[in-house]
>>> print(open('my_file-v5.cif').read())   # mmCIF, C-alpha atoms
data_upload
loop_
_atom_site.group_PDB
_atom_site.id
_atom_site.type_symbol
_atom_site.label_atom_id
_atom_site.label_comp_id
_atom_site.auth_asym_id
_atom_site.auth_seq_id
_atom_site.Cartn_x
_atom_site.Cartn_y
_atom_site.Cartn_z
ATOM 1 C CA MET A 249 84.991 50.744 102.208
ATOM 2 C CA LEU A 250 81.968 52.565 103.550
ATOM 3 C CA ASP A 251 81.111 51.707 107.147
ATOM 4 C CA ASN A 252 78.084 53.931 107.581
ATOM 5 C CA ARG A 253 76.962 52.625 110.947
ATOM 6 C CA PRO A 254 75.584 55.526 113.005
ATOM 7 C CA LYS A 255 77.068 56.288 116.385
ATOM 8 C CA PRO A 256 75.170 56.076 119.718
ATOM 9 C CA ALA A 257 74.822 59.854 119.831
ATOM 10 C CA HIS A 258 71.933 59.473 117.391
ATOM 11 C CA CYS A 259 69.784 58.335 120.310
ATOM 12 C CA ALA A 260 67.540 61.012 121.710
ATOM 13 C CA THR A 261 68.426 63.080 124.752
ATOM 14 C CA ASN A 262 65.740 65.025 126.583
ATOM 15 C CA ALA A 263 68.060 66.957 128.866
ATOM 16 C CA ILE A 264 71.680 67.837 129.559
ATOM 17 C CA LYS A 265 73.716 65.245 131.446
ATOM 18 C CA ASN A 266 73.105 67.176 134.614
ATOM 19 C CA LYS A 267 73.117 64.545 137.318
ATOM 20 C CA PRO A 268 75.856 62.193 138.530
ATOM 21 C CA THR A 269 74.874 58.554 138.321
ATOM 22 C CA ALA A 270 75.360 55.826 140.895
ATOM 23 C CA ARG A 271 76.021 53.081 138.375
ATOM 24 C CA ARG A 272 78.644 53.544 135.704
ATOM 25 C CA PHE A 273 80.472 50.661 134.100
ATOM 26 C CA ALA A 274 82.452 51.912 131.144
ATOM 27 C CA ASP A 275 84.080 55.258 132.014
ATOM 28 C CA SER A 276 87.732 54.278 132.195
ATOM 29 C CA LEU A 277 87.906 50.957 130.359
ATOM 30 C CA PRO A 278 85.073 50.931 127.815
ATOM 31 C CA GLN A 279 86.366 47.775 126.096
ATOM 32 C CA GLN A 280 86.843 45.727 129.255
ATOM 33 C CA TRP A 281 84.532 42.728 129.597
ATOM 34 C CA MET A 282 82.488 43.206 132.786
ATOM 35 C CA PRO A 283 80.115 40.368 133.689
ATOM 36 C CA GLU A 284 78.848 42.413 136.657
ATOM 37 C CA VAL A 285 76.976 44.574 134.140
ATOM 38 C CA PHE A 286 74.473 41.787 133.701
ATOM 39 C CA LYS A 287 73.275 41.855 137.299
ATOM 40 C CA TYR A 288 71.202 44.925 136.555
ATOM 41 C CA ALA A 289 68.080 45.474 134.485
ATOM 42 C CA PRO A 290 67.715 45.778 131.572
ATOM 43 C CA PHE A 291 70.995 43.875 131.029
ATOM 44 C CA SER A 292 69.708 41.057 133.229
ATOM 45 C CA TRP A 293 67.272 40.222 130.416
ATOM 46 C CA LEU A 294 70.265 39.375 128.221
ATOM 47 C CA ALA A 295 71.937 37.458 131.041
ATOM 48 C CA SER A 296 68.967 35.156 131.432
ATOM 49 C CA LEU A 297 68.835 34.520 127.671
ATOM 50 C CA PHE A 298 72.550 33.960 127.064
ATOM 51 C CA ALA A 299 74.011 33.093 130.505
ATOM 52 C CA LEU A 300 76.316 36.113 130.238
ATOM 53 C CA ARG A 301 77.223 36.252 133.924
ATOM 54 C CA GLU A 302 78.955 32.900 133.528
ATOM 55 C CA ILE A 303 81.316 34.245 130.853
ATOM 56 C CA MET A 304 84.548 35.700 132.210
ATOM 57 C CA ASN A 305 86.094 36.990 128.965
ATOM 58 C CA TRP A 306 84.864 38.651 125.787
ATOM 59 C CA PRO A 307 82.778 36.207 123.733
ATOM 60 C CA ASP A 308 84.548 35.212 120.514
ATOM 61 C CA TYR A 309 83.092 34.703 117.044
ATOM 62 C CA GLN A 310 82.490 31.022 117.732
ATOM 63 C CA TRP A 311 80.274 31.996 120.662
ATOM 64 C CA LEU A 312 78.453 34.664 118.649
ATOM 65 C CA ASN A 313 77.790 32.202 115.821
ATOM 66 C CA GLN A 314 76.598 29.260 117.889
ATOM 67 C CA ASP A 315 72.955 29.749 116.820
ATOM 68 C CA ALA A 316 72.835 27.515 113.755
ATOM 69 C CA LYS A 317 69.346 28.741 112.811
ATOM 70 C CA LEU A 318 70.511 32.330 112.325
ATOM 71 C CA SER A 319 70.515 33.424 108.685
ATOM 72 C CA VAL A 320 73.618 35.614 109.128
ATOM 73 C CA ALA A 321 77.072 35.053 110.549
ATOM 74 C CA PHE A 322 79.171 37.517 112.565
ATOM 75 C CA VAL A 323 82.570 38.162 111.031
ATOM 76 C CA PRO A 324 85.561 40.401 111.851
ATOM 77 C CA GLN A 325 85.466 44.052 110.834
ATOM 78 C CA HIS A 326 88.289 43.624 108.318
ATOM 79 C CA CYS A 327 85.928 41.592 106.115
ATOM 80 C CA LEU A 328 84.054 44.845 105.479
ATOM 81 C CA ASP A 329 87.218 46.963 105.326
ATOM 82 C CA LEU A 330 88.491 44.941 102.369
ATOM 83 C CA GLN A 331 85.405 45.658 100.270
ATOM 84 C CA SER A 332 83.840 48.708 98.637
ATOM 85 C CA LEU A 333 80.380 47.913 99.959
ATOM 86 C CA CYS A 334 78.632 49.929 102.619
ATOM 87 C CA TYR A 335 77.676 48.187 105.873
ATOM 88 C CA GLU A 336 74.072 47.370 104.911
ATOM 89 C CA SER A 337 75.027 46.249 101.399
ATOM 90 C CA PHE A 338 77.688 43.938 102.818
ATOM 91 C CA ILE A 339 75.098 42.243 105.054
ATOM 92 C CA ALA A 340 72.640 41.884 102.181
ATOM 93 C CA THR A 341 75.274 40.535 99.771
ATOM 94 C CA HIS A 342 77.129 38.121 102.035
ATOM 95 C CA SER A 343 74.650 37.365 104.867
ATOM 96 C CA LYS A 344 77.431 38.372 107.253
ATOM 97 C CA VAL A 345 77.483 41.106 109.894
ATOM 98 C CA PRO A 346 80.826 42.916 110.405
ATOM 99 C CA THR A 347 81.474 42.879 114.151
ATOM 100 C CA ARG A 348 84.334 44.597 115.927
ATOM 101 C CA GLN A 349 86.037 42.598 118.662
ATOM 102 C CA HIS A 350 85.886 43.811 122.263
ATOM 103 C CA ASN A 351 83.300 46.386 121.286
ATOM 104 C CA TRP A 352 80.106 46.809 123.312
ATOM 105 C CA HIS A 353 78.170 48.459 120.488
ATOM 106 C CA ASP A 354 78.737 45.572 118.088
ATOM 107 C CA PHE A 355 78.356 42.921 120.790
ATOM 108 C CA PHE A 356 74.905 44.231 121.709
ATOM 109 C CA ASN A 357 74.031 44.389 118.018
ATOM 110 C CA ALA A 358 74.855 40.692 117.705
ATOM 111 C CA LEU A 359 72.593 39.882 120.661
ATOM 112 C CA ILE A 360 69.741 41.833 119.062
ATOM 113 C CA TRP A 361 70.235 39.826 115.854
ATOM 114 C CA ARG A 362 69.997 36.625 117.864
ATOM 115 C CA GLN A 363 66.781 37.763 119.587
ATOM 116 C CA PHE A 364 65.044 39.334 116.573
ATOM 117 C CA PRO A 365 66.547 37.708 113.448
ATOM 118 C CA LEU A 366 63.453 38.109 111.274
ATOM 119 C CA SER A 367 63.030 41.783 112.136
ATOM 120 C CA LYS A 368 66.719 42.644 111.746
ATOM 121 C CA SER A 369 66.691 40.997 108.321
ATOM 122 C CA ALA A 370 63.546 42.949 107.427
ATOM 123 C CA LEU A 371 65.265 46.209 108.396
ATOM 124 C CA ASN A 372 68.210 45.313 106.185
ATOM 125 C CA ARG A 373 65.867 44.721 103.241
ATOM 126 C CA LEU A 374 64.225 48.096 103.845
ATOM 127 C CA HIS A 375 67.658 49.740 103.847
ATOM 128 C CA MET A 376 68.519 48.016 100.580
ATOM 129 C CA ALA A 377 65.256 49.053 98.929
ATOM 130 C CA ASP A 378 66.050 52.709 99.648
ATOM 131 C CA ILE A 379 69.716 52.285 98.677
ATOM 132 C CA LYS A 380 68.740 50.799 95.304
ATOM 133 C CA ALA A 381 66.286 53.632 94.709
ATOM 134 C CA HIS A 382 68.388 56.567 95.953
ATOM 135 C CA GLY A 383 71.990 55.380 96.403
ATOM 136 C CA THR A 384 74.103 55.266 99.566
ATOM 137 C CA LEU A 385 74.738 58.993 99.907
ATOM 138 C CA GLN A 386 71.165 60.288 99.810
ATOM 139 C CA ARG A 387 69.379 59.049 102.909
ATOM 140 C CA THR A 388 65.594 59.172 102.702
ATOM 141 C CA PRO A 389 63.438 60.172 105.702
ATOM 142 C CA ARG A 390 62.288 56.560 105.914
ATOM 143 C CA ARG A 391 65.850 55.277 106.007
ATOM 144 C CA ASN A 392 66.672 57.739 108.775
ATOM 145 C CA ARG A 393 63.752 56.364 110.782
ATOM 146 C CA ILE A 394 64.894 52.799 110.079
ATOM 147 C CA THR A 395 68.372 53.659 111.344
ATOM 148 C CA HIS A 396 67.018 55.452 114.405
ATOM 149 C CA PHE A 397 64.844 52.471 115.309
ATOM 150 C CA ASP A 398 67.696 50.038 114.676
ATOM 151 C CA GLU A 399 69.984 52.010 117.003
ATOM 152 C CA CYS A 400 67.612 53.411 119.622
ATOM 153 C CA GLY A 401 64.335 51.536 119.285
ATOM 154 C CA VAL A 402 62.323 50.006 122.111
ATOM 155 C CA LEU A 403 59.444 47.596 121.626
ATOM 156 C CA LEU A 404 56.571 48.415 123.943
ATOM 157 C CA VAL A 405 54.761 45.107 124.288
ATOM 158 C CA TYR A 406 51.346 45.376 125.926
ATOM 159 C CA SER A 407 48.119 43.441 126.415
ATOM 160 C CA ASP A 408 46.261 46.485 127.780
ATOM 161 C CA PRO A 409 46.563 49.589 125.579
ATOM 162 C CA VAL A 410 45.966 52.015 128.472
ATOM 163 C CA ILE A 411 49.643 52.395 129.399
ATOM 164 C CA ALA A 412 50.710 52.677 125.769
ATOM 165 C CA GLN A 413 48.299 55.565 125.307
ATOM 166 C CA LEU A 414 49.499 57.243 128.506
ATOM 167 C CA LEU A 415 53.089 57.051 127.264
ATOM 168 C CA LYS A 416 52.103 58.397 123.865
ATOM 169 C CA ASP A 417 50.421 61.324 125.644
ATOM 170 C CA HIS A 418 53.512 61.854 127.864
ATOM 171 C CA GLN A 419 51.511 61.098 131.000
ATOM 172 C CA TRP A 420 54.663 59.801 132.610
ATOM 173 C CA LEU A 421 53.641 59.706 136.268
ATOM 174 C CA GLU A 422 50.465 57.819 135.450
ATOM 175 C CA ALA A 423 52.161 55.353 133.078
ATOM 176 C CA PHE A 424 55.294 54.628 135.101
ATOM 177 C CA TRP A 425 54.156 55.211 138.687
ATOM 178 C CA GLN A 426 50.416 54.870 139.083
ATOM 179 C CA HIS A 427 50.396 51.783 136.824
ATOM 180 C CA ARG A 428 53.683 50.471 138.179
ATOM 181 C CA SER A 429 52.222 47.089 139.165
ATOM 182 C CA SER A 430 51.228 46.480 135.531
ATOM 183 C CA TRP A 431 54.829 46.451 134.275
ATOM 184 C CA GLY A 432 55.882 42.880 133.636
ATOM 185 C CA LYS A 433 52.264 41.731 133.797
ATOM 186 C CA GLN A 434 50.450 43.789 131.168
ATOM 187 C CA VAL A 435 53.233 45.823 129.605
ATOM 188 C CA GLN A 436 56.918 45.244 128.907
ATOM 189 C CA ALA A 437 59.736 47.263 127.358
ATOM 190 C CA LEU A 438 62.089 45.243 125.156
ATOM 191 C CA ILE A 439 65.229 46.977 123.938
ATOM 192 C CA PHE A 440 65.631 46.614 120.183
ATOM 193 C CA GLY A 441 68.199 49.351 119.513
ATOM 194 C CA HIS A 442 71.650 48.124 120.495
ATOM 195 C CA ALA A 443 72.927 51.682 121.079
ATOM 196 C CA ASN A 444 70.470 51.884 123.989
ATOM 197 C CA TYR A 445 72.329 49.087 125.739
ATOM 198 C CA GLU A 446 75.687 50.721 125.078
ATOM 199 C CA MET A 447 74.544 54.079 126.438
ATOM 200 C CA LEU A 448 73.005 52.428 129.503
ATOM 201 C CA LEU A 449 76.525 51.365 130.468
ATOM 202 C CA ASN A 450 76.928 55.044 131.406
ATOM 203 C CA PRO A 451 73.343 56.066 132.215
ATOM 204 C CA TYR A 452 72.424 59.719 132.604
ATOM 205 C CA ILE A 453 69.310 61.797 133.068
ATOM 206 C CA GLY A 454 68.120 62.535 129.555
ATOM 207 C CA LEU A 455 68.707 59.120 128.005
ATOM 208 C CA THR A 456 65.700 58.425 125.796
ATOM 209 C CA GLY A 457 64.759 55.691 123.328
ATOM 210 C CA LYS A 458 61.980 55.618 120.741
ATOM 211 C CA TRP A 459 59.249 53.047 121.140
ATOM 212 C CA LEU A 460 57.051 51.165 118.735
ATOM 213 C CA GLY A 461 54.003 49.403 120.181
ATOM 214 C CA ILE A 462 53.036 45.759 119.687
ATOM 215 C CA GLN A 463 49.836 44.452 121.251
ATOM 216 C CA VAL A 464 50.013 40.870 122.532
ATOM 217 C CA PRO A 465 47.516 38.393 124.015
ATOM 218 C CA ALA A 466 47.181 38.492 127.808
ATOM 219 C CA CYS A 467 48.749 35.024 128.124
ATOM 220 C CA TYR A 468 51.961 36.367 126.537
ATOM 221 C CA PHE A 469 53.294 37.371 129.951
ATOM 222 C CA ASP A 470 53.152 33.758 131.132
ATOM 223 C CA TRP A 471 55.253 32.441 128.249
ATOM 224 C CA PRO A 472 58.999 31.626 128.487
ATOM 225 C CA GLN A 473 61.351 34.359 127.272
ATOM 226 C CA TRP A 474 62.283 32.743 123.974
ATOM 227 C CA GLU A 475 58.645 32.043 123.150
ATOM 228 C CA GLN A 476 57.845 35.709 123.810
ATOM 229 C CA LEU A 477 60.711 36.782 121.554
ATOM 230 C CA ARG A 478 59.671 34.505 118.696
ATOM 231 C CA TRP A 479 56.122 35.866 118.813
ATOM 232 C CA VAL A 480 57.254 39.492 118.896
ATOM 233 C CA ASP A 481 59.851 38.951 116.169
ATOM 234 C CA GLN A 482 57.292 37.410 113.797
ATOM 235 C CA HIS A 483 54.776 40.202 114.361
ATOM 236 C CA LEU A 484 57.369 42.962 114.125
ATOM 237 C CA GLN A 485 58.697 41.503 110.873
ATOM 238 C CA HIS A 486 55.173 41.557 109.463
ATOM 239 C CA ARG A 487 54.669 45.186 110.465
ATOM 240 C CA LEU A 488 58.000 46.222 108.975
ATOM 241 C CA ALA A 489 57.600 44.314 105.727
ATOM 242 C CA GLN A 490 53.870 44.395 105.063
ATOM 243 C CA GLU A 491 52.646 47.511 106.846
ATOM 244 C CA ASN A 492 55.655 49.785 106.249
ATOM 245 C CA CYS A 493 55.299 50.882 109.867
ATOM 246 C CA LEU A 494 58.428 53.086 109.683
ATOM 247 C CA GLY A 495 57.313 54.767 106.502
ATOM 248 C CA GLU A 496 55.388 57.586 108.163
ATOM 249 C CA LYS A 497 56.708 60.378 110.365
ATOM 250 C CA GLY A 498 55.613 60.260 114.003
ATOM 251 C CA VAL A 499 55.271 56.489 114.344
ATOM 252 C CA LEU A 500 58.023 56.376 116.999
ATOM 253 C CA SER A 501 57.349 57.880 120.433
ATOM 254 C CA PRO A 502 59.931 58.898 123.068
ATOM 255 C CA LEU A 503 60.568 56.648 126.066
ATOM 256 C CA PRO A 504 62.744 58.011 128.905
ATOM 257 C CA LEU A 505 64.704 54.832 129.551
ATOM 258 C CA LEU A 506 65.513 55.520 133.187
ATOM 259 C CA GLY A 507 61.804 55.799 133.880
ATOM 260 C CA VAL A 508 61.029 52.154 133.091
ATOM 261 C CA PRO A 509 60.261 50.438 136.417
ATOM 262 C CA GLY A 510 63.197 48.323 137.547
ATOM 263 C CA TRP A 511 65.700 49.934 135.164
ATOM 264 C CA TRP A 512 66.988 52.673 137.498
ATOM 265 C CA SER A 513 67.096 52.840 141.295
ATOM 266 C CA ASP A 514 66.017 56.493 141.545
ATOM 267 C CA ASN A 515 62.680 55.796 139.872
ATOM 268 C CA GLN A 516 61.419 54.044 142.997
ATOM 269 C CA GLN A 517 60.147 57.458 144.147
ATOM 270 C CA ALA A 518 57.255 59.304 142.501
ATOM 271 C CA ASP A 519 59.186 62.595 142.570
ATOM 272 C CA PHE A 520 61.647 61.177 140.046
ATOM 273 C CA TYR A 521 58.949 61.460 137.379
ATOM 274 C CA ARG A 522 58.279 65.119 138.170
ATOM 275 C CA ASN A 523 61.519 66.244 136.515
ATOM 276 C CA SER A 524 59.924 67.934 133.510
ATOM 277 C CA ASP A 525 63.324 68.487 131.864
ATOM 278 C CA TYR A 526 63.546 64.735 131.433
ATOM 279 C CA PHE A 527 59.895 63.672 131.491
ATOM 280 C CA MET A 528 58.822 66.390 129.142
ATOM 281 C CA PRO A 529 55.162 67.298 128.619
ATOM 282 C CA LYS A 530 53.788 66.708 125.170
ATOM 283 C CA ARG A 531 53.890 69.681 122.847
ATOM 284 C CA LYS A 532 50.482 71.032 121.991
#
>>> encode(input="my_file-v5.cif", output="structure tokens")
Amino acid sequence: MLDNRPKPAHCATNAIKNKPTARRFADSLPQQWMPEVFKYAPFSWLASLFALREIMNWPDYQWLNQDAKLSVAFVPQHCLDLQSLCYESFIATHSKVPTRQHNWHDFFNALIWRQFPLSKSALNRLHMADIKAHGTLQRTPRRNRITHFDECGVLLVYSDPVIAQLLKDHQWLEAFWQHRSSWGKQVQALIFGHANYEMLLNPYIGLTGKWLGIQVPACYFDWPQWEQLRWVDQHLQHRLAQENCLGEKGVLSPLPLLGVPGWWSDNQQADFYRNSDYFMPKRK
């Protein structure tokens, strides 16, 4: 058995964990189900999609598999352990995703599958294309980028490209603070990498995702959540499959996750964005 799932440490860190945090959920009992997590953004996005605050115990496989339209099923980890296939090959062969019980990392992965089924399937096909060409042991640069995006990716959805360009240029104060009123109206950050959610259970200064931009029509921000997700999933799948958007180095840009408006209480002050150890200037 080869379970080659990367660990959350593969997500980027811009600075040492040098500041105590006011909100920590998973220090002492990381496998305890805690519905209070879903009061806070960005977890509240998941709560509104899946009614997670109404669930008092860990969701079981029946709950995970209740979406009949999903092309994969979530199965216990031992299904993978009994085979000689690697994780990605198991998914491709059986249309089943090995999922550990009482495990935040795998639980969030299942929720990403349910939000972005077309794109997650496209990523799996990209993995398999590289595995068939190079084997499981030799990871190509493209496959590393696929893995990084799958674990730590953020979709920057925007109708006005100004903020996207500011973020790409590391103009953090302008993007996050001076254009603060645009967030939720002209720009939105959607977590795609499930390791981001897991690490946000214990947030720290330095926690950074990697974003990929998707431009949307202005009316997108008036649509219901599931309609937004379907639109983004279809367009992301096209970019992954037809445009090979993860094929080139530099396509992913850093996003300091605690800087996203509404995701961290300290970012309600402009001085928060002046910490250049976290909000690093762009290298010349």
>>> closest_residue(input="my_file-v5.cif", among="A:Val508, A:Val323, A:Val480, A:Ala295", to="Ser429 in chain A", atoms="all atoms listed in the file")
A:Val508
>>> axis_aligned_box(input="my_file-v5.cif", around="range 307-325 of chain A", padding_each_side="5 Å", output="lines of an AutoDock Vina configuration file")
center_x = 77.5
center_y = 35.8
center_z = 116.2
size_x = 26.2
size_y = 26.5
size_z = 25.0
>>> closest_residue(input="my_file-v5.cif", among="A:Leu505, A:His396, A:Ala443, A:Phe298", to="Asp315 in chain A", atoms="all atoms listed in the file")
A:Phe298
>>> residues_near_point(input="my_file-v5.cif", point="(64.7, 44.1, 111.3)", cutoff="9 Å", atoms="all atoms listed in the file", output="list in words")
Trp361, Phe364, Pro365, Leu366, Ser367, Lys368, Ser369, Ala370, Leu371, Asn372, Arg373, Leu374, Ile394, Asp398, Asp481, Leu484, Gln485 and Leu488 of chain A
>>> closest_residue(input="my_file-v5.cif", among="A:Gly461, A:Thr388, A:Pro290, A:Lys416", to="Arg531 in chain A", atoms="all atoms listed in the file")
A:Lys416
>>> resolve_selection(input="my_file-v5.cif", expression="the PyMOL selection byres ((chain A and resi 518-521) around 12)", output="PDB file with C-alpha atoms, in the coordinates of the input")
ATOM      1  CA  HIS A 418      53.512  61.854 127.864  1.00  0.00           C
ATOM      2  CA  GLN A 419      51.511  61.098 131.000  1.00  0.00           C
ATOM      3  CA  TRP A 420      54.663  59.801 132.610  1.00  0.00           C
ATOM      4  CA  LEU A 421      53.641  59.706 136.268  1.00  0.00           C
ATOM      5  CA  GLU A 422      50.465  57.819 135.450  1.00  0.00           C
ATOM      6  CA  ALA A 423      52.161  55.353 133.078  1.00  0.00           C
ATOM      7  CA  PHE A 424      55.294  54.628 135.101  1.00  0.00           C
ATOM      8  CA  TRP A 425      54.156  55.211 138.687  1.00  0.00           C
ATOM      9  CA  GLN A 426      50.416  54.870 139.083  1.00  0.00           C
ATOM     10  CA  HIS A 427      50.396  51.783 136.824  1.00  0.00           C
ATOM     11  CA  ARG A 428      53.683  50.471 138.179  1.00  0.00           C
ATOM     12  CA  ILE A 453      69.310  61.797 133.068  1.00  0.00           C
ATOM     13  CA  PRO A 504      62.744  58.011 128.905  1.00  0.00           C
ATOM     14  CA  LEU A 505      64.704  54.832 129.551  1.00  0.00           C
ATOM     15  CA  LEU A 506      65.513  55.520 133.187  1.00  0.00           C
ATOM     16  CA  GLY A 507      61.804  55.799 133.880  1.00  0.00           C
ATOM     17  CA  VAL A 508      61.029  52.154 133.091  1.00  0.00           C
ATOM     18  CA  PRO A 509      60.261  50.438 136.417  1.00  0.00           C
ATOM     19  CA  TRP A 512      66.988  52.673 137.498  1.00  0.00           C
ATOM     20  CA  SER A 513      67.096  52.840 141.295  1.00  0.00           C
ATOM     21  CA  ASP A 514      66.017  56.493 141.545  1.00  0.00           C
ATOM     22  CA  ASN A 515      62.680  55.796 139.872  1.00  0.00           C
ATOM     23  CA  GLN A 516      61.419  54.044 142.997  1.00  0.00           C
ATOM     24  CA  GLN A 517      60.147  57.458 144.147  1.00  0.00           C
ATOM     25  CA  ARG A 522      58.279  65.119 138.170  1.00  0.00           C
ATOM     26  CA  ASN A 523      61.519  66.244 136.515  1.00  0.00           C
ATOM     27  CA  SER A 524      59.924  67.934 133.510  1.00  0.00           C
ATOM     28  CA  ASP A 525      63.324  68.487 131.864  1.00  0.00           C
ATOM     29  CA  TYR A 526      63.546  64.735 131.433  1.00  0.00           C
ATOM     30  CA  PHE A 527      59.895  63.672 131.491  1.00  0.00           C
ATOM     31  CA  MET A 528      58.822  66.390 129.142  1.00  0.00           C
ATOM     32  CA  PRO A 529      55.162  67.298 128.619  1.00  0.00           C
TER      33      PRO A 529
END
>>> atom_distance(input="my_file-v5.cif", atom1="CA of Pro324 in chain A", atom2="CA of Arg478 in chain A")
27.4 Å
>>> closest_residue(input="my_file-v5.cif", among="A:His353, A:Lys433, A:Leu460, A:Asn313", to="Val499 in chain A", atoms="only C-alpha atoms")
A:Leu460
>>> closest_residue(input="my_file-v5.cif", among="A:Glu336, A:Asp417, A:Glu496, A:Asp470", to="Arg390 in chain A", atoms="only C-alpha atoms")
A:Glu496
>>> atom_distance(input="my_file-v5.cif", atom1="CA of Ser319 in chain A", atom2="CA of Ile462 in chain A")
24.1 Å
>>> resolve_selection(input="my_file-v5.cif", expression="the PyMOL selection byres ((chain A and resi 379) around 12)", output="MDAnalysis selection string")
chainID A and resid 333:337 340 372:378 380:388 390:392
